[in-house]
Structure formats: structure tokens, C-alpha cells
Amino acid sequence: MKEKKAGWKELPEGDVLEGASSLKFRTGNWRNRRPVHISERCINCFICWVSCPDGAVKVDSETGKFGHFDYDFCKGCGICAYECPKKAIEMVDDEG
Ligand code: SF4
Ligand code: SF4
């Protein structure tokens, strides 16, 4: 007699935890390079802020200017450095 294969509904779920859980995944620990901000060159255009896929570029709420990188979530992709029109972000090796 032919064995019946499991249907897709019987397959175990893979790596599904819960909804809206992105803040629990500290993607910063994937990083082997990190962005460094060079404030003297920055014109606060926020192209880096718009470009970052992880929301890891933070604006200083008091000055309304570039604030910092959130290294808990920055995964070192380098898009911000690539897009910056003033070369005000440099990617360096991440020793940590
Ligand atoms: S893209 Fe470059 S110049 Fe514009 S805010 Fe970011 S670091 Fe500053
Ligand atoms: S390196 Fe990538 S993840 Fe990190 S701040 Fe720049 S764009 Fe965002």
C-alpha cells in the first residue's frame, strides 16, 4: 500500500515566532563593517536616513540634525555611505 505524504498544512512552521517582532532581532550582530559619521562634511540632507533599510540612522531630536547610528540594528550594508552626497560616512572594519 502506498504511503500517504503529509500535506502542506501538516508541515511544521519554520522560524515563525510572532508578529511585529523585528525589534527583538538585533541585526547589528550580523555586521563586520560599520559606518562612521564625519560631521564636518555633513550637510544634514538626510539621504542616509531615507536610504537606510533598517532605520538605523537617528536624527538628534533637539538639533534636528544627524544624530547617530543605532549599532544595535545597523547591519553594515554600506548603503548610507554609498548614497551620501558629501562622503560624510565612511565604512570601517568592525572590530567589536
Ligand atoms: S547623507 Fe551624508 S550629508 Fe546627508 S545627512 Fe547623511 S551623512 Fe549628512
Ligand atoms: S550601514 Fe546600512 S544598516 Fe547601517 S546605517 Fe548604513 S544603511 Fe543603515
# chains A, B, ... in the order shown; residues from 1 in each chain; ligands from 1
call {"tool": "residues_near_ligand", "arguments": {"ligand": "ligand 1", "cutoff": "10 Å", "atoms": "only C-alpha atoms and all ligand atoms", "output": "number ranges by chain"}}
result
A: 35-52, 57-59, 65-68, 79-90
call {"tool": "residues_around", "arguments": {"residues": "A:Lys75", "least_positions_apart": "6", "cutoff": "6 Å", "atoms": "only C-alpha atoms", "output": "PyMOL selection string"}}
result
chain A and resi 27-28+30-31
call {"tool": "write_last_selection", "arguments": {"atoms": "C-alpha atoms", "output": "short mmCIF file (atom, residue, chain, number, x, y, z; two decimals), in the first residue's frame"}}
result
data_model
loop_
_atom_site.label_atom_id
_atom_site.label_comp_id
_atom_site.auth_asym_id
_atom_site.auth_seq_id
_atom_site.Cartn_x
_atom_site.Cartn_y
_atom_site.Cartn_z
CA THR A 27 20.56 42.76 13.23
CA GLY A 28 23.65 44.70 14.32
CA TRP A 30 25.48 40.44 11.63
CA ARG A 31 27.82 43.35 10.96
#
call {"tool": "residues_around", "arguments": {"residues": "A:Arg34", "least_positions_apart": "5", "cutoff": "7 Å", "atoms": "only C-alpha atoms", "output": "compact mmCIF listing (two decimals) with all heavy atoms, in the first residue's frame"}}
result
# COMPACT_ATOMS: atom_id res chain seq x y z
N GLY A 76 25.52 47.09 8.71
CA GLY A 76 26.77 47.37 7.99
C GLY A 76 26.69 47.20 6.49
O GLY A 76 27.70 46.94 5.85
N MET A 91 32.88 53.65 5.80
CA MET A 91 32.72 52.30 6.34
C MET A 91 34.10 51.83 6.82
O MET A 91 35.09 51.94 6.09
CB MET A 91 32.18 51.34 5.29
CG MET A 91 30.81 51.72 4.74
SD MET A 91 29.50 51.79 6.01
CE MET A 91 29.39 50.07 6.48
N VAL A 92 34.13 51.33 8.04
CA VAL A 92 35.39 50.83 8.59
C VAL A 92 35.16 49.40 9.10
O VAL A 92 34.02 48.99 9.34
CB VAL A 92 35.91 51.72 9.75
CG1 VAL A 92 36.14 53.14 9.26
CG2 VAL A 92 34.94 51.69 10.93
N ASP A 93 36.25 48.67 9.25
CA ASP A 93 36.12 47.32 9.81
C ASP A 93 35.57 47.41 11.23
O ASP A 93 35.95 48.28 12.00
CB ASP A 93 37.48 46.61 9.84
CG ASP A 93 37.92 46.21 8.44
OD1 ASP A 93 37.07 46.18 7.53
OD2 ASP A 93 39.12 45.92 8.27
N ASP A 94 34.66 46.51 11.55
CA ASP A 94 34.05 46.48 12.86
C ASP A 94 34.78 45.45 13.71
O ASP A 94 34.64 44.26 13.49
CB ASP A 94 32.56 46.12 12.74
CG ASP A 94 31.82 46.38 14.03
OD1 ASP A 94 32.47 46.49 15.08
OD2 ASP A 94 30.59 46.46 13.98
call {"tool": "closest_residue", "arguments": {"among": "A:Ser61, A:Arg26, A:Trp8, A:Glu3", "to": "ligand 2", "atoms": "only C-alpha atoms and all ligand atoms"}}
result
A:Arg26
call {"tool": "select_by_dssp", "arguments": {"residues": "chain A", "states": "alpha helix (DSSP H)", "output": "list in words"}}
result
Ile47, Cys48, Trp49, Val50, Ser51, Ile79, Cys80, Ala81, Tyr82 and Glu83 of chain A
call {"tool": "residues_around", "arguments": {"residues": "A:Ala56", "least_positions_apart": "5", "cutoff": "8 Å", "atoms": "only C-alpha atoms", "output": "compact mmCIF listing (two decimals) with all heavy atoms, in the first residue's frame"}}
result
# COMPACT_ATOMS: atom_id res chain seq x y z
N TRP A 49 19.36 58.80 6.05
CA TRP A 49 18.19 58.42 6.86
C TRP A 49 17.12 57.77 5.99
O TRP A 49 16.54 56.76 6.35
CB TRP A 49 17.65 59.67 7.56
CG TRP A 49 16.47 59.46 8.45
CD1 TRP A 49 16.47 59.03 9.74
CD2 TRP A 49 15.09 59.68 8.10
NE1 TRP A 49 15.18 58.96 10.22
CE2 TRP A 49 14.32 59.36 9.23
CE3 TRP A 49 14.44 60.12 6.94
CZ2 TRP A 49 12.93 59.47 9.24
CZ3 TRP A 49 13.06 60.22 6.95
CH2 TRP A 49 12.32 59.90 8.09
N PHE A 69 24.32 56.60 14.62
CA PHE A 69 23.90 55.31 14.08
C PHE A 69 23.47 54.42 15.25
O PHE A 69 24.15 54.40 16.29
CB PHE A 69 25.05 54.62 13.33
CG PHE A 69 25.50 55.36 12.10
CD1 PHE A 69 26.70 56.04 12.07
CD2 PHE A 69 24.69 55.39 10.97
CE1 PHE A 69 27.11 56.74 10.94
CE2 PHE A 69 25.08 56.08 9.82
CZ PHE A 69 26.30 56.76 9.82
N ASP A 70 22.38 53.72 15.07
CA ASP A 70 21.96 52.75 16.08
C ASP A 70 22.64 51.42 15.74
O ASP A 70 22.17 50.66 14.88
CB ASP A 70 20.44 52.61 16.07
CG ASP A 70 19.95 51.68 17.17
OD1 ASP A 70 20.77 50.92 17.72
OD2 ASP A 70 18.74 51.71 17.47
N TYR A 71 23.74 51.16 16.42
CA TYR A 71 24.53 49.97 16.09
C TYR A 71 23.87 48.66 16.55
O TYR A 71 24.34 47.59 16.21
CB TYR A 71 25.94 50.10 16.66
CG TYR A 71 26.78 51.15 15.96
CD1 TYR A 71 27.30 52.24 16.66
CD2 TYR A 71 27.06 51.06 14.60
CE1 TYR A 71 28.06 53.20 16.02
CE2 TYR A 71 27.81 52.02 13.95
CZ TYR A 71 28.31 53.08 14.66
OH TYR A 71 29.07 54.04 14.01
N PHE A 73 21.04 47.87 15.45
CA PHE A 73 20.28 47.44 14.28
C PHE A 73 21.01 47.68 12.96
O PHE A 73 20.60 47.11 11.93
CB PHE A 73 18.91 48.12 14.26
CG PHE A 73 18.05 47.68 15.42
CD1 PHE A 73 17.95 48.46 16.55
CD2 PHE A 73 17.41 46.46 15.38
CE1 PHE A 73 17.20 48.04 17.63
CE2 PHE A 73 16.65 46.03 16.47
CZ PHE A 73 16.55 46.82 17.60
N CYS A 74 22.04 48.50 12.95
CA CYS A 74 22.82 48.70 11.72
C CYS A 74 23.54 47.41 11.38
O CYS A 74 24.31 46.90 12.19
CB CYS A 74 23.84 49.82 11.94
SG CYS A 74 25.11 49.86 10.66
call {"tool": "atom_distance", "arguments": {"atom1": "atom CA of A:Glu13", "atom2": "atom CA of A:Asp54"}}
result
25.6 Å
call {"tool": "atom_distance", "arguments": {"atom1": "atom CA of A:Glu62", "atom2": "atom CA of A:Gly78"}}
result
26.4 Å
call {"tool": "select_by_dssp", "arguments": {"residues": "stretch 18-71 of chain A", "states": "strand (DSSP E)", "output": "list in words"}}
result
Arg33, Arg34, Pro35, Val36, His37, Val57, Lys58, Val59, Phe66, Gly67, His68 and Phe69 of chain A
call {"tool": "write_last_selection", "arguments": {"atoms": "C-alpha atoms", "output": "CSV table (one decimal), in the first residue's frame"}}
result
chain,number,residue,atom,x,y,z
A,33,ARG,CA,31.8,46.7,8.9
A,34,ARG,CA,30.4,49.8,10.5
A,35,PRO,CA,29.5,53.3,9.3
A,36,VAL,CA,31.3,56.3,10.8
A,37,HIS,CA,29.9,59.8,10.5
A,57,VAL,CA,20.2,56.4,11.2
A,58,LYS,CA,18.9,58.5,14.0
A,59,VAL,CA,18.1,62.2,14.0
A,66,PHE,CA,22.2,64.0,12.1
A,67,GLY,CA,22.4,62.2,15.5
A,68,HIS,CA,24.0,58.8,15.5
A,69,PHE,CA,23.9,55.3,14.1
call {"tool": "atom_distance", "arguments": {"atom1": "atom 1 (S, counted along the ligand's line) of ligand 2", "atom2": "atom CA of A:Asn29"}}
result
12.4 Å
call {"tool": "decode", "arguments": {"residues": "stretch 17-47 of chain A", "atoms": "N, CA and C atoms", "output": "CSV table (one decimal), in the first residue's frame"}}
result
chain,number,residue,atom,x,y,z
A,17,LEU,N,7.9,33.2,14.6
A,17,LEU,CA,7.8,33.4,16.1
A,17,LEU,C,6.5,34.1,16.4
A,18,GLU,N,6.4,35.3,16.0
A,18,GLU,CA,5.2,36.1,16.3
A,18,GLU,C,5.2,37.3,15.4
A,19,GLY,N,4.1,38.0,15.4
A,19,GLY,CA,4.0,39.2,14.5
A,19,GLY,C,4.8,40.4,15.2
A,20,ALA,N,5.1,41.4,14.4
A,20,ALA,CA,5.8,42.6,14.9
A,20,ALA,C,6.9,42.4,15.8
A,21,SER,N,7.8,41.4,15.5
A,21,SER,CA,8.9,41.1,16.4
A,21,SER,C,10.2,41.6,15.9
A,22,SER,N,10.2,42.5,14.9
A,22,SER,CA,11.5,43.0,14.3
A,22,SER,C,12.4,43.6,15.4
A,23,LEU,N,11.9,44.3,16.4
A,23,LEU,CA,12.7,44.9,17.4
A,23,LEU,C,13.5,43.9,18.2
A,24,LYS,N,13.0,42.7,18.2
A,24,LYS,CA,13.7,41.6,19.0
A,24,LYS,C,15.0,41.1,18.3
A,25,PHE,N,15.1,41.4,17.0
A,25,PHE,CA,16.2,40.8,16.2
A,25,PHE,C,17.2,41.9,16.0
A,26,ARG,N,18.3,41.8,16.8
A,26,ARG,CA,19.3,42.8,16.8
A,26,ARG,C,20.2,42.5,15.6
A,27,THR,N,19.8,43.1,14.5
A,27,THR,CA,20.6,42.8,13.2
A,27,THR,C,22.0,43.3,13.2
A,28,GLY,N,22.3,44.2,14.2
A,28,GLY,CA,23.6,44.7,14.3
A,28,GLY,C,24.7,43.6,14.5
A,29,ASN,N,24.3,42.5,15.1
A,29,ASN,CA,25.3,41.5,15.3
A,29,ASN,C,25.7,40.7,14.0
A,30,TRP,N,25.1,41.0,12.9
A,30,TRP,CA,25.5,40.4,11.6
A,30,TRP,C,26.7,41.2,11.1
A,31,ARG,N,27.0,42.4,11.6
A,31,ARG,CA,27.8,43.4,11.0
A,31,ARG,C,29.3,43.0,11.1
A,32,ASN,N,30.0,43.2,10.0
A,32,ASN,CA,31.5,43.1,10.0
A,32,ASN,C,32.1,44.4,9.6
A,33,ARG,N,31.3,45.4,9.1
A,33,ARG,CA,31.8,46.7,8.9
A,33,ARG,C,30.8,47.7,9.5
A,34,ARG,N,31.3,48.9,9.9
A,34,ARG,CA,30.4,49.8,10.5
A,34,ARG,C,30.5,51.2,9.9
A,35,PRO,N,29.4,52.0,9.8
A,35,PRO,CA,29.5,53.3,9.3
A,35,PRO,C,30.0,54.3,10.3
A,36,VAL,N,30.9,55.2,9.9
A,36,VAL,CA,31.3,56.3,10.8
A,36,VAL,C,31.0,57.6,10.2
A,37,HIS,N,30.4,58.5,11.0
A,37,HIS,CA,29.9,59.8,10.5
A,37,HIS,C,31.0,60.8,10.7
A,38,ILE,N,31.2,61.6,9.6
A,38,ILE,CA,32.2,62.7,9.6
A,38,ILE,C,31.5,64.0,9.6
A,39,SER,N,31.2,64.6,10.8
A,39,SER,CA,30.3,65.7,10.9
A,39,SER,C,30.7,66.9,10.1
A,40,GLU,N,32.0,67.1,10.0
A,40,GLU,CA,32.5,68.3,9.3
A,40,GLU,C,32.0,68.4,7.8
A,41,ARG,N,31.8,67.2,7.2
A,41,ARG,CA,31.3,67.1,5.8
A,41,ARG,C,29.8,67.1,5.7
A,42,CYS,N,29.1,66.8,6.8
A,42,CYS,CA,27.7,66.6,6.7
A,42,CYS,C,26.9,67.8,6.5
A,43,ILE,N,25.9,67.8,5.6
A,43,ILE,CA,25.1,69.0,5.3
A,43,ILE,C,23.6,68.7,5.8
A,44,ASN,N,23.5,67.6,6.5
A,44,ASN,CA,22.1,67.2,7.1
A,44,ASN,C,21.0,67.1,6.1
A,45,CYS,N,21.3,66.5,5.0
A,45,CYS,CA,20.3,66.3,3.9
A,45,CYS,C,19.4,65.1,4.2
A,46,PHE,N,19.9,64.2,5.0
A,46,PHE,CA,19.2,63.0,5.5
A,46,PHE,C,18.9,62.0,4.4
A,47,ILE,N,19.7,62.1,3.3
A,47,ILE,CA,19.6,61.0,2.3
A,47,ILE,C,20.0,59.7,3.0
